[in-house]
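Colleague: Got a structure for you, structure.txt, holding compact mmCIF, C-alpha atoms and all ligand atoms.
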# COMPACT_ATOMS: atom_id res chain seq x y z
CA MET A 259 69.09 154.29 126.92
CA ALA A 260 70.44 155.51 123.57
CA ASP A 261 67.75 156.73 121.15
CA SER A 262 69.45 155.36 118.05
CA TRP A 263 71.65 152.30 117.72
CA ARG A 264 74.19 154.64 116.15
CA ASP A 265 74.77 156.12 119.61
CA LEU A 266 75.64 152.78 121.23
CA ASP A 267 79.10 151.79 122.36
CA THR A 268 80.51 148.81 120.49
CA PRO A 269 80.71 145.91 120.03
CA VAL A 270 77.05 145.32 120.85
CA PRO A 271 74.49 142.76 119.60
CA LEU A 272 71.37 144.22 117.97
CA VAL A 273 68.09 142.38 117.45
CA ASP A 274 65.86 143.73 114.67
CA LEU A 275 62.39 143.43 116.19
CA GLY A 276 60.48 143.32 112.90
CA ARG A 277 62.64 140.55 111.47
CA LEU A 278 62.51 138.60 114.73
CA GLU A 279 58.72 138.75 114.81
CA ARG A 280 58.48 137.65 111.18
CA ASN A 281 60.82 134.71 111.84
CA LEU A 282 58.82 133.69 114.92
CA ARG A 283 55.53 133.80 113.08
CA GLU A 284 56.82 131.89 110.07
CA MET A 285 57.99 128.94 112.18
CA ALA A 286 54.74 128.95 114.19
CA ASP A 287 52.87 128.76 110.87
CA ILE A 288 55.08 125.92 109.56
CA ALA A 289 54.32 123.83 112.65
CA GLY A 290 50.69 124.89 112.83
CA ALA A 291 49.97 123.94 109.20
CA TYR A 292 50.48 120.27 110.10
CA GLY A 293 49.15 120.34 113.64
CA VAL A 294 52.64 119.81 115.06
CA ARG A 295 53.30 121.55 118.35
CA GLN A 296 56.32 123.76 118.75
CA ARG A 297 58.87 123.31 121.53
CA PRO A 298 61.51 125.76 120.27
CA HIS A 299 65.12 125.36 121.34
CA THR A 300 65.86 128.46 123.41
CA LYS A 301 69.63 127.91 123.44
CA THR A 302 69.69 130.28 120.46
CA HIS A 303 68.60 133.38 122.37
CA LYS A 304 68.53 132.37 126.07
CA THR A 305 66.16 135.26 126.82
CA ARG A 306 62.87 135.40 128.67
CA GLU A 307 61.40 137.85 126.18
CA ILE A 308 61.87 135.71 123.06
CA ALA A 309 60.81 132.52 124.84
CA ARG A 310 57.67 134.36 125.97
CA ARG A 311 56.91 135.37 122.38
CA GLN A 312 57.41 131.74 121.28
CA VAL A 313 54.92 130.51 123.88
CA ASP A 314 52.48 133.31 123.03
CA LEU A 315 52.61 132.11 119.40
CA GLY A 316 51.50 128.65 120.49
CA ALA A 317 54.61 126.76 121.63
CA HIS A 318 53.41 124.30 124.27
CA GLY A 319 56.78 124.28 125.96
CA ILE A 320 60.42 125.16 125.40
CA THR A 321 63.65 123.25 124.92
CA VAL A 322 67.03 123.84 126.58
CA ALA A 323 70.32 121.98 126.41
CA LYS A 324 71.49 122.23 130.01
CA VAL A 325 70.12 122.01 133.55
CA GLY A 326 71.47 125.54 134.15
CA GLU A 327 69.42 126.85 131.23
CA ALA A 328 66.38 125.05 132.63
CA GLU A 329 66.95 126.76 136.00
CA ALA A 330 67.11 130.17 134.30
CA MET A 331 63.94 129.50 132.32
CA VAL A 332 62.00 128.17 135.34
CA ASP A 333 63.03 131.31 137.25
CA ALA A 334 61.72 133.31 134.28
CA GLY A 335 58.31 131.67 134.67
CA PHE A 336 58.32 128.83 132.09
CA GLU A 337 56.57 125.70 133.24
CA ASP A 338 57.20 123.05 130.59
CA ILE A 339 60.81 122.40 129.67
CA LEU A 340 62.63 119.65 127.78
CA ILE A 341 66.34 119.32 128.45
CA ALA A 342 67.18 117.82 125.05
CA TYR A 343 70.41 116.31 126.22
CA PRO A 344 71.48 113.18 128.13
CA VAL A 345 71.54 114.46 131.73
CA ILE A 346 74.19 112.55 133.67
CA GLY A 347 75.33 112.91 137.30
CA ALA A 348 73.89 113.17 140.81
CA ARG A 349 74.67 116.90 141.06
CA LYS A 350 72.44 117.56 138.08
CA TYR A 351 69.63 115.28 139.35
CA ASP A 352 69.79 117.17 142.68
CA ARG A 353 69.26 120.44 140.79
CA ILE A 354 66.36 119.03 138.80
CA LEU A 355 64.51 118.01 141.99
CA PRO A 356 63.50 121.54 143.08
CA LEU A 357 62.62 122.44 139.49
CA LEU A 358 60.05 119.64 139.48
CA GLU A 359 58.14 121.54 142.18
CA ARG A 360 57.71 124.45 139.79
CA ALA A 361 57.63 123.01 136.26
CA ARG A 362 57.29 119.92 134.13
CA ILE A 363 60.87 118.91 133.35
CA ARG A 364 61.74 116.18 130.85
CA PHE A 365 65.18 115.11 129.69
CA ALA A 366 66.79 112.75 127.20
CA VAL A 367 68.26 109.34 127.95
CA ASP A 368 70.28 107.21 125.55
CA SER A 369 72.04 104.71 127.83
CA ALA A 370 71.12 102.03 130.34
CA ALA A 371 73.73 103.37 132.77
CA GLY A 372 72.33 106.90 132.56
CA ALA A 373 68.77 105.67 132.95
CA ARG A 374 69.59 103.50 135.98
CA ALA A 375 71.50 106.28 137.76
CA ALA A 376 68.74 108.84 137.17
CA ALA A 377 66.01 106.38 138.12
CA ASP A 378 67.75 105.45 141.40
CA HIS A 379 68.19 109.08 142.28
CA PHE A 380 64.65 110.24 141.59
CA ALA A 381 63.08 107.12 143.12
CA ARG A 382 65.06 107.72 146.33
CA HIS A 383 63.48 111.16 146.46
CA GLY A 384 60.01 109.80 145.73
CA ARG A 385 59.80 111.42 142.30
CA THR A 386 59.07 110.08 138.82
CA VAL A 387 60.51 112.08 135.92
CA GLU A 388 59.46 111.84 132.28
CA VAL A 389 62.23 111.06 129.81
CA LEU A 390 62.50 110.89 126.03
CA ILE A 391 64.51 108.07 124.51
CA GLU A 392 67.02 109.83 122.27
CA HIS A 393 67.44 108.35 118.79
CA ASP A 394 70.38 109.43 116.63
CA GLY A 395 68.52 111.03 113.73
CA GLY A 396 71.66 111.40 111.66
CA ALA A 397 73.66 113.96 113.63
CA ASN A 398 76.13 111.21 114.57
CA ARG A 399 76.41 112.25 118.18
CA SER A 400 74.29 110.98 121.12
CA GLY A 401 71.26 108.72 120.73
CA VAL A 402 70.47 105.04 120.39
CA GLN A 403 71.33 103.78 116.94
CA ASN A 404 68.20 101.85 115.95
CA ALA A 405 64.68 100.81 116.95
CA GLU A 406 65.91 97.62 118.63
CA GLU A 407 68.15 99.58 120.99
CA ALA A 408 65.34 102.08 121.61
CA VAL A 409 62.94 99.28 122.55
CA ALA A 410 65.50 97.71 124.89
CA LEU A 411 66.12 101.04 126.63
CA ALA A 412 62.42 101.90 126.77
CA ASN A 413 61.66 98.51 128.33
CA LEU A 414 64.42 99.02 130.88
CA VAL A 415 63.15 102.52 131.80
CA ASP A 416 59.59 101.24 131.95
CA GLY A 417 60.60 98.71 134.57
CA LEU A 418 62.45 101.22 136.75
CA PRO A 419 60.90 103.37 139.46
CA GLY A 420 61.81 107.07 139.23
CA LEU A 421 61.55 107.45 135.44
CA THR A 422 58.79 107.06 132.90
CA VAL A 423 59.02 107.07 129.08
CA ALA A 424 57.20 110.01 127.52
CA GLY A 425 58.39 109.48 123.95
CA ILE A 426 61.22 109.72 121.47
CA MET A 427 63.46 112.60 120.47
CA SER A 428 65.95 112.87 117.63
CA TYR A 429 68.08 115.40 115.80
CA ALA A 430 69.37 115.23 112.24
CA ASN A 431 72.25 117.11 110.67
CA ALA A 432 70.98 119.13 107.72
CA TYR A 433 73.97 121.43 107.94
CA LYS A 434 76.11 119.30 105.69
CA THR A 435 74.38 120.24 102.42
CA ASP A 436 73.07 123.38 100.72
CA ASP A 437 71.03 121.28 98.29
CA ALA A 438 67.35 121.96 99.01
CA ALA A 439 66.21 118.51 97.90
CA GLU A 440 68.80 116.81 100.11
CA GLN A 441 67.79 118.95 103.10
CA ALA A 442 64.17 118.01 102.52
CA GLU A 443 65.10 114.33 102.41
CA ILE A 444 67.20 114.63 105.58
CA GLY A 445 64.19 116.16 107.35
CA ARG A 446 61.71 113.56 106.12
CA THR A 447 64.13 110.72 106.89
CA GLU A 448 64.61 112.00 110.44
CA GLY A 449 60.86 112.24 110.95
CA ARG A 450 60.11 108.82 109.51
CA ALA A 451 62.87 107.18 111.56
CA ALA A 452 61.70 108.80 114.80
CA VAL A 453 58.07 107.81 114.15
CA ALA A 454 59.15 104.21 113.34
CA VAL A 455 61.17 104.05 116.56
CA ALA A 456 58.20 105.37 118.55
CA GLU A 457 55.91 102.79 116.94
CA ALA A 458 58.35 99.99 117.80
CA VAL A 459 58.46 101.17 121.41
CA ARG A 460 54.66 101.31 121.56
CA ALA A 461 54.40 97.85 120.00
CA ALA A 462 56.58 96.63 122.87
CA GLY A 463 53.92 97.93 125.27
CA VAL A 464 55.56 101.18 126.38
CA ALA A 465 53.63 104.42 125.93
CA ALA A 466 55.66 106.85 123.81
CA ASP A 467 53.32 109.68 122.90
CA THR A 468 55.85 112.38 122.07
CA VAL A 469 57.85 112.29 118.84
CA SER A 470 60.10 115.36 119.13
CA VAL A 471 62.26 116.24 116.12
CA GLY A 472 63.56 118.97 113.91
CA SER A 473 65.81 121.91 113.32
CA THR A 474 65.60 125.12 111.31
CA PRO A 475 66.69 123.76 107.91
CA THR A 476 64.55 120.62 108.24
CA ALA A 477 61.47 122.17 109.89
CA ARG A 478 59.19 122.53 106.88
CA HIS A 479 59.96 118.95 105.78
CA VAL A 480 59.94 117.07 109.06
CA VAL A 481 56.52 118.43 110.07
CA THR A 482 54.93 116.77 107.01
CA VAL A 483 55.68 113.30 108.37
CA PRO A 484 52.55 111.80 109.98
CA GLY A 485 53.19 110.86 113.60
CA VAL A 486 55.62 113.70 114.36
CA THR A 487 54.19 115.60 117.35
CA GLU A 488 56.79 118.20 118.31
CA LEU A 489 59.16 120.58 116.48
CA ARG A 490 62.28 121.88 118.24
CA SER A 491 63.79 124.38 115.78
CA GLY A 492 65.99 127.02 117.41
CA VAL A 493 68.13 129.31 115.29
CA TYR A 494 65.19 130.41 113.12
CA VAL A 495 64.46 133.25 115.53
CA PHE A 496 67.56 135.08 114.28
CA HIS A 497 68.85 133.10 111.28
CA ASP A 498 72.52 133.71 110.44
CA VAL A 499 75.22 133.31 107.79
CA LYS A 500 74.93 129.55 108.11
CA GLN A 501 71.22 129.59 107.22
CA VAL A 502 71.91 132.00 104.36
CA SER A 503 74.71 129.75 103.05
CA LEU A 504 72.38 126.76 103.21
CA GLY A 505 69.77 128.67 101.20
CA VAL A 506 67.20 128.53 104.01
CA VAL A 507 66.69 132.33 103.97
CA GLY A 508 68.22 135.45 102.48
CA LEU A 509 70.42 137.90 104.39
CA ASP A 510 67.42 140.22 104.76
CA ARG A 511 65.86 137.74 107.21
CA CYS A 512 68.78 137.78 109.67
CA ALA A 513 67.59 139.47 112.86
CA LEU A 514 70.80 139.42 114.92
CA THR A 515 73.78 141.59 114.05
CA VAL A 516 76.79 142.79 115.98
CA LEU A 517 77.40 146.52 115.73
CA ALA A 518 81.14 147.16 115.53
CA THR A 519 83.52 150.07 115.04
CA VAL A 520 86.26 150.29 112.44
CA VAL A 521 89.35 150.62 114.64
CA SER A 522 92.18 150.19 112.16
CA HIS A 523 92.92 150.43 108.43
CA PRO A 524 96.54 149.37 108.44
CA ARG A 525 96.88 148.68 104.70
CA PRO A 526 94.71 149.35 101.65
CA ASP A 527 93.17 145.87 101.54
CA ARG A 528 92.53 145.47 105.28
CA TYR A 529 90.06 146.96 107.76
CA VAL A 530 89.85 145.86 111.39
CA VAL A 531 86.70 146.12 113.54
CA ASP A 532 86.35 145.75 117.30
CA ALA A 533 84.30 142.53 117.13
CA GLY A 534 86.37 139.34 117.19
CA ILE A 535 85.49 135.87 118.36
CA LYS A 536 84.59 137.13 121.86
CA SER A 537 81.73 139.07 120.25
CA LEU A 538 80.85 136.98 117.21
CA ALA A 539 81.60 133.50 118.63
CA GLY A 540 84.33 131.37 117.22
CA GLU A 541 82.72 129.34 114.53
CA ASP A 542 83.55 129.31 110.86
CA TYR A 543 81.73 126.51 109.15
CA GLY A 544 84.16 126.32 106.29
CA TRP A 545 82.71 129.19 104.28
CA GLY A 546 85.70 131.38 105.11
CA THR A 547 83.74 133.87 107.16
CA HIS A 548 82.99 134.79 110.74
CA GLY A 549 80.29 137.14 109.57
CA ILE A 550 78.92 139.16 106.67
CA ILE A 551 78.94 142.96 106.71
CA VAL A 552 75.37 144.29 106.36
CA GLU A 553 76.49 147.55 104.76
CA ARG A 554 78.61 145.65 102.25
CA PRO A 555 77.32 142.06 101.89
CA ASP A 556 80.17 141.27 99.51
CA LEU A 557 82.60 141.75 102.40
CA ARG A 558 83.23 139.34 105.22
CA ILE A 559 85.09 138.99 108.48
CA THR A 560 87.77 136.84 106.88
CA LEU A 561 89.69 136.21 110.09
CA ALA A 562 88.73 136.73 113.71
CA THR A 563 90.99 136.68 116.73
CA GLU A 564 89.74 137.36 120.25
CA GLU A 565 89.02 141.07 119.84
CA HIS A 566 89.93 141.78 116.22
CA GLY A 567 87.59 141.18 113.30
CA ILE A 568 89.68 141.38 110.17
CA ILE A 569 88.13 142.24 106.83
CA THR A 570 90.47 141.51 103.94
CA LEU A 571 89.18 143.00 100.71
CA PRO A 572 89.10 140.58 97.79
CA PRO A 573 91.32 141.85 94.93
CA ASP A 574 88.37 142.95 92.80
CA ALA A 575 86.30 144.51 95.64
CA GLU A 576 85.46 148.17 95.68
CA ASP A 577 87.07 149.91 98.67
CA PRO A 578 84.31 150.74 101.20
CA ARG A 579 86.34 153.85 102.16
CA TRP A 580 85.46 153.50 105.84
CA SER A 581 87.03 156.00 108.19
CA ILE A 582 88.40 155.06 111.57
CA GLY A 583 85.40 155.24 113.94
CA ASP A 584 82.79 154.29 111.34
CA LEU A 585 80.15 151.73 112.34
CA VAL A 586 79.36 148.46 110.58
CA ARG A 587 76.86 145.71 111.39
CA ILE A 588 77.91 142.09 111.13
CA VAL A 589 75.59 139.11 110.65
CA PRO A 590 77.33 136.34 112.63
CA ASP A 591 78.18 132.98 111.21
CA HIS A 592 76.22 131.21 113.96
CA ALA A 593 73.67 133.25 115.91
CA CYS A 594 73.42 130.84 118.88
CA GLY A 595 77.10 131.15 119.75
CA CYS A 596 77.01 134.89 119.16
CA ALA A 597 74.07 135.63 121.48
CA ASN A 598 75.74 133.53 124.18
CA MET A 599 78.73 135.93 124.11
CA HIS A 600 76.72 138.88 125.43
CA ASP A 601 75.03 139.82 128.70
CA ALA A 602 72.16 141.49 126.90
CA LEU A 603 70.71 141.98 123.43
CA VAL A 604 69.72 145.48 122.36
CA VAL A 605 66.39 145.48 120.54
CA VAL A 606 66.00 147.90 117.64
CA ASP A 607 63.09 148.96 115.47
CA GLY A 608 64.58 150.66 112.43
CA GLU A 609 66.99 153.25 113.80
CA ASP A 610 65.44 153.26 117.27
CA VAL A 611 66.59 151.36 120.33
CA VAL A 612 63.38 150.05 121.89
CA ASP A 613 64.47 147.58 124.56
CA THR A 614 67.27 145.55 126.13
CA TRP A 615 66.82 141.83 126.83
CA ARG A 616 69.06 140.03 129.29
CA VAL A 617 70.65 136.77 128.08
CA ILE A 618 69.56 134.89 131.20
CA GLY A 619 70.88 131.52 130.07
CA ARG A 620 74.32 132.88 129.29
CA GLY A 621 77.15 130.82 130.74
CA ARG A 622 74.73 128.20 132.07
CA VAL A 623 76.77 125.36 130.61
CA ARG A 624 76.36 122.95 133.55
C1 LIG B 1 68.87 118.62 120.27
C2 LIG B 1 68.61 119.80 119.41
N1 LIG B 1 67.35 120.10 119.08
C3 LIG B 1 67.05 121.17 118.32
C4 LIG B 1 68.04 122.01 117.84
C5 LIG B 1 67.64 123.20 117.01
O1 LIG B 1 68.24 123.21 115.74
P1 LIG B 1 68.34 124.55 114.90
O2 LIG B 1 69.09 125.53 115.73
O3 LIG B 1 69.02 124.17 113.64
O4 LIG B 1 66.96 125.02 114.64
C6 LIG B 1 69.37 121.72 118.15
C7 LIG B 1 70.46 122.57 117.64
O5 LIG B 1 71.61 122.41 117.90
C8 LIG B 1 69.67 120.59 118.96
O6 LIG B 1 70.92 120.28 119.29
Reformat the file's structure so that it appears as structure tokens.
Ligand SMILES: Cc1ncc(COP(=O)(O)O)c(C=O)c1O

Modeller:
Amino acid sequence: MADSWRDLDTPVPLVDLGRLERNLREMADIAGAYGVRQRPHTKTHKTREIARRQVDLGAHGITVAKVGEAEAMVDAGFEDILIAYPVIGARKYDRILPLLERARIRFAVDSAAGARAAADHFARHGRTVEVLIEHDGGANRSGVQNAEEAVALANLVDGLPGLTVAGIMSYANAYKTDDAAEQAEIGRTEGRAAVAVAEAVRAAGVAADTVSVGSTPTARHVVTVPGVTELRSGVYVFHDVKQVSLGVVGLDRCALTVLATVVSHPRPDRYVVDAGIKSLAGEDYGWGTHGIIVERPDLRITLATEEHGIITLPPDAEDPRWSIGDLVRIVPDHACGCANMHDALVVVDGEDVVDTWRVIGRGRVR
């Protein structure tokens, strides 16, 4: 193992251990202050080591998006997993069956067809699986649209063998505004809506103990809503350009960077590094960047192709005077996509390389 990250071959993802641990503790404190339990979304890091730290800090379980991620996390020793996604298809139900022998597995349902198919399957195998009724908390993707639909679906599930309602889950989209007051309102609105839906389901006679909500930008707001029981924030472990642009944290809180080498300086206003979208992930949320350069936070990856990260200097920018072969660190636009691009994350403490963590959920998209 290299002693210093400066000796590593590039491109390579680096995790700053001190920043990671601060981010982990802060979110545990946010949830703990209101007695809300954490079930962090591990799709951000997909590693055993970070999930273990989350559980050690009090998370009562973890969240994943896919059955494949659940398989990886059960193999890594985790025993309480929510697949926060509508799980559809007999092949997936067949893969959940053996996991039930080793862990508590819950998943989301938002349709009668999905509920019936899952219920038939699990009942045929003599199993009953806990599900959360997914309510669309404002993300405008999956989820029942109102309390009436939630009650109808909960009643249906309640009458089926093979499934049982454990509660409600929802997800809001706080990524559309950098206004702190609007983000706070989005978080509180999501929480209130999910609690109201859970109360309607309970009033209809179906137990719905869990009210699972939240994301990184909404976390500190959604936990203040009485009745919320579970917080699923994910990207907070690393933070990223998106969180910085939203005003959630400063750049000094970002724990994941990609170390890259300057490989070309073809004209005075352009440098090219060896980290493109296959290292940084392909998102650009409209802020005109695929990443911010740590050594020069005024400079960005302005364009990324597969293996080229292109830094175009703004007209008034001071030339960084990098030489070919120089190293730069890049804070990615979206940490979750970035981590998923790599087999392993190299853990650093200051200059020192202290560990390597395998991205065990990588590629587990089914
Ligand atoms: C269903 C669900 N829950 C929780 C999260 C975590 O949100 P964040 O990464 O903003 O903390 C996500 C993120 O995509 C999600 O899709």

Colleague: Ranking A:Ala461, A:Met285, A:Val506, A:Gly567 by minimum distance to Ala438 in chain A and counting all atoms listed in the file, which one comes first?

Modeller: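 Smallest distance to Ala438 in chain A is found for A:Val506.
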
Colleague: Name the residues in contact with range 409-415 of chain A at a cut-off of 9 Å, using all atoms listed in the file, excluding same-chain residues fewer than 5 positions from it; report them as a list in words.

Modeller: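 Neighbouring residues, sequence-local ones excluded: Val367, Asp368, Ser369, Ala370, Ala373, Arg374, Ala377, Val389, Ile391, Val402, Asn404, Gly420, Leu421, Thr422, Val423, Val455, Ala456, Ala458, Val459, Arg460, Ala462, Gly463, Val464 and Ala466 of chain A.
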
Colleague: Compare A:Ala375, A:Gly319, A:Val589, A:Phe380 by their minimum atom-to-atom distance to Arg353 in chain A, counting all atoms listed in the file, and give me the closest one.

Modeller: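 The closest residue to Arg353 in chain A is A:Phe380.
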
Colleague: Enumerate as number ranges by chain the residues within 9 Å of ligand LIG 1 (chain B), counting only C-alpha atoms and all ligand atoms.

Modeller: A: 298-302, 321-323, 341-343, 397, 427-433, 470-477, 489-495, 497, 501, 593-594

Colleague: With range 531-538 of chain A as the partner and 9 Å as the cut-off, tabulate the residues of range 266-346 of chain A that qualify, each row holding the nearest pair of atoms and their distance in Å to one decimal, using all atoms listed in the file, sorted by chain and rising number, as a Markdown table.

Modeller:
| residue | atom | partner | partner_atom | distance |
| --- | --- | --- | --- | --- |
| A:Thr268 | CA | A:Asp532 | CA | 7.3 |
| A:Pro269 | CA | A:Ala533 | CA | 5.7 |
| A:Val270 | CA | A:Ser537 | CA | 7.8 |
| A:Pro271 | CA | A:Ser537 | CA | 8.2 |

Colleague: Could you list, as an MDAnalysis selection string, every residue within 10 Å of Gly583 in chain A, counting all atoms listed in the file and ignoring same-chain residues fewer than 2 positions away?

Modeller: chainID A and resid 518:522 531 580:581 585:586

Colleague: Save the residues we just selected, C-alpha atoms, as a short mmCIF file (atom, residue, chain, number, x, y, z; two decimals), in the frame of the given file?

Modeller:
data_model
loop_
_atom_site.label_atom_id
_atom_site.label_comp_id
_atom_site.auth_asym_id
_atom_site.auth_seq_id
_atom_site.Cartn_x
_atom_site.Cartn_y
_atom_site.Cartn_z
CA ALA A 518 81.14 147.16 115.53
CA THR A 519 83.52 150.07 115.04
CA VAL A 520 86.26 150.29 112.44
CA VAL A 521 89.35 150.62 114.64
CA SER A 522 92.18 150.19 112.16
CA VAL A 531 86.70 146.12 113.54
CA TRP A 580 85.46 153.50 105.84
CA SER A 581 87.03 156.00 108.19
CA LEU A 585 80.15 151.73 112.34
CA VAL A 586 79.36 148.46 110.58
#

Colleague: With all atoms listed in the file as the basis for distance, which of A:Ala361, A:Leu390, A:Ala371, A:Val345 is at the shortest distance from Ile426 in chain A?

Modeller: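 For Ile426 in chain A, the nearest of the given residues is A:Leu390.
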
Colleague: Would you list the residues near (70.3, 137.3, 130.7), meaning any protein, DNA or RNA residue with an atom at most 12 Å from that point in file coordinates, counting only C-alpha atoms, as a VMD selection string?

Modeller: chain A and resid 301 303 to 308 327 330 to 331 333 to 334 597 to 604 614 to 622

Colleague: Return the single residue from A:Leu557, A:Ala465, A:Cys512, A:Leu358 that is closest to Thr570 in chain A, with distances computed using all atoms listed in the file.

Modeller: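 Once distances to Thr570 in chain A are computed over all atoms listed in the file, the minimum belongs to A:Leu557.
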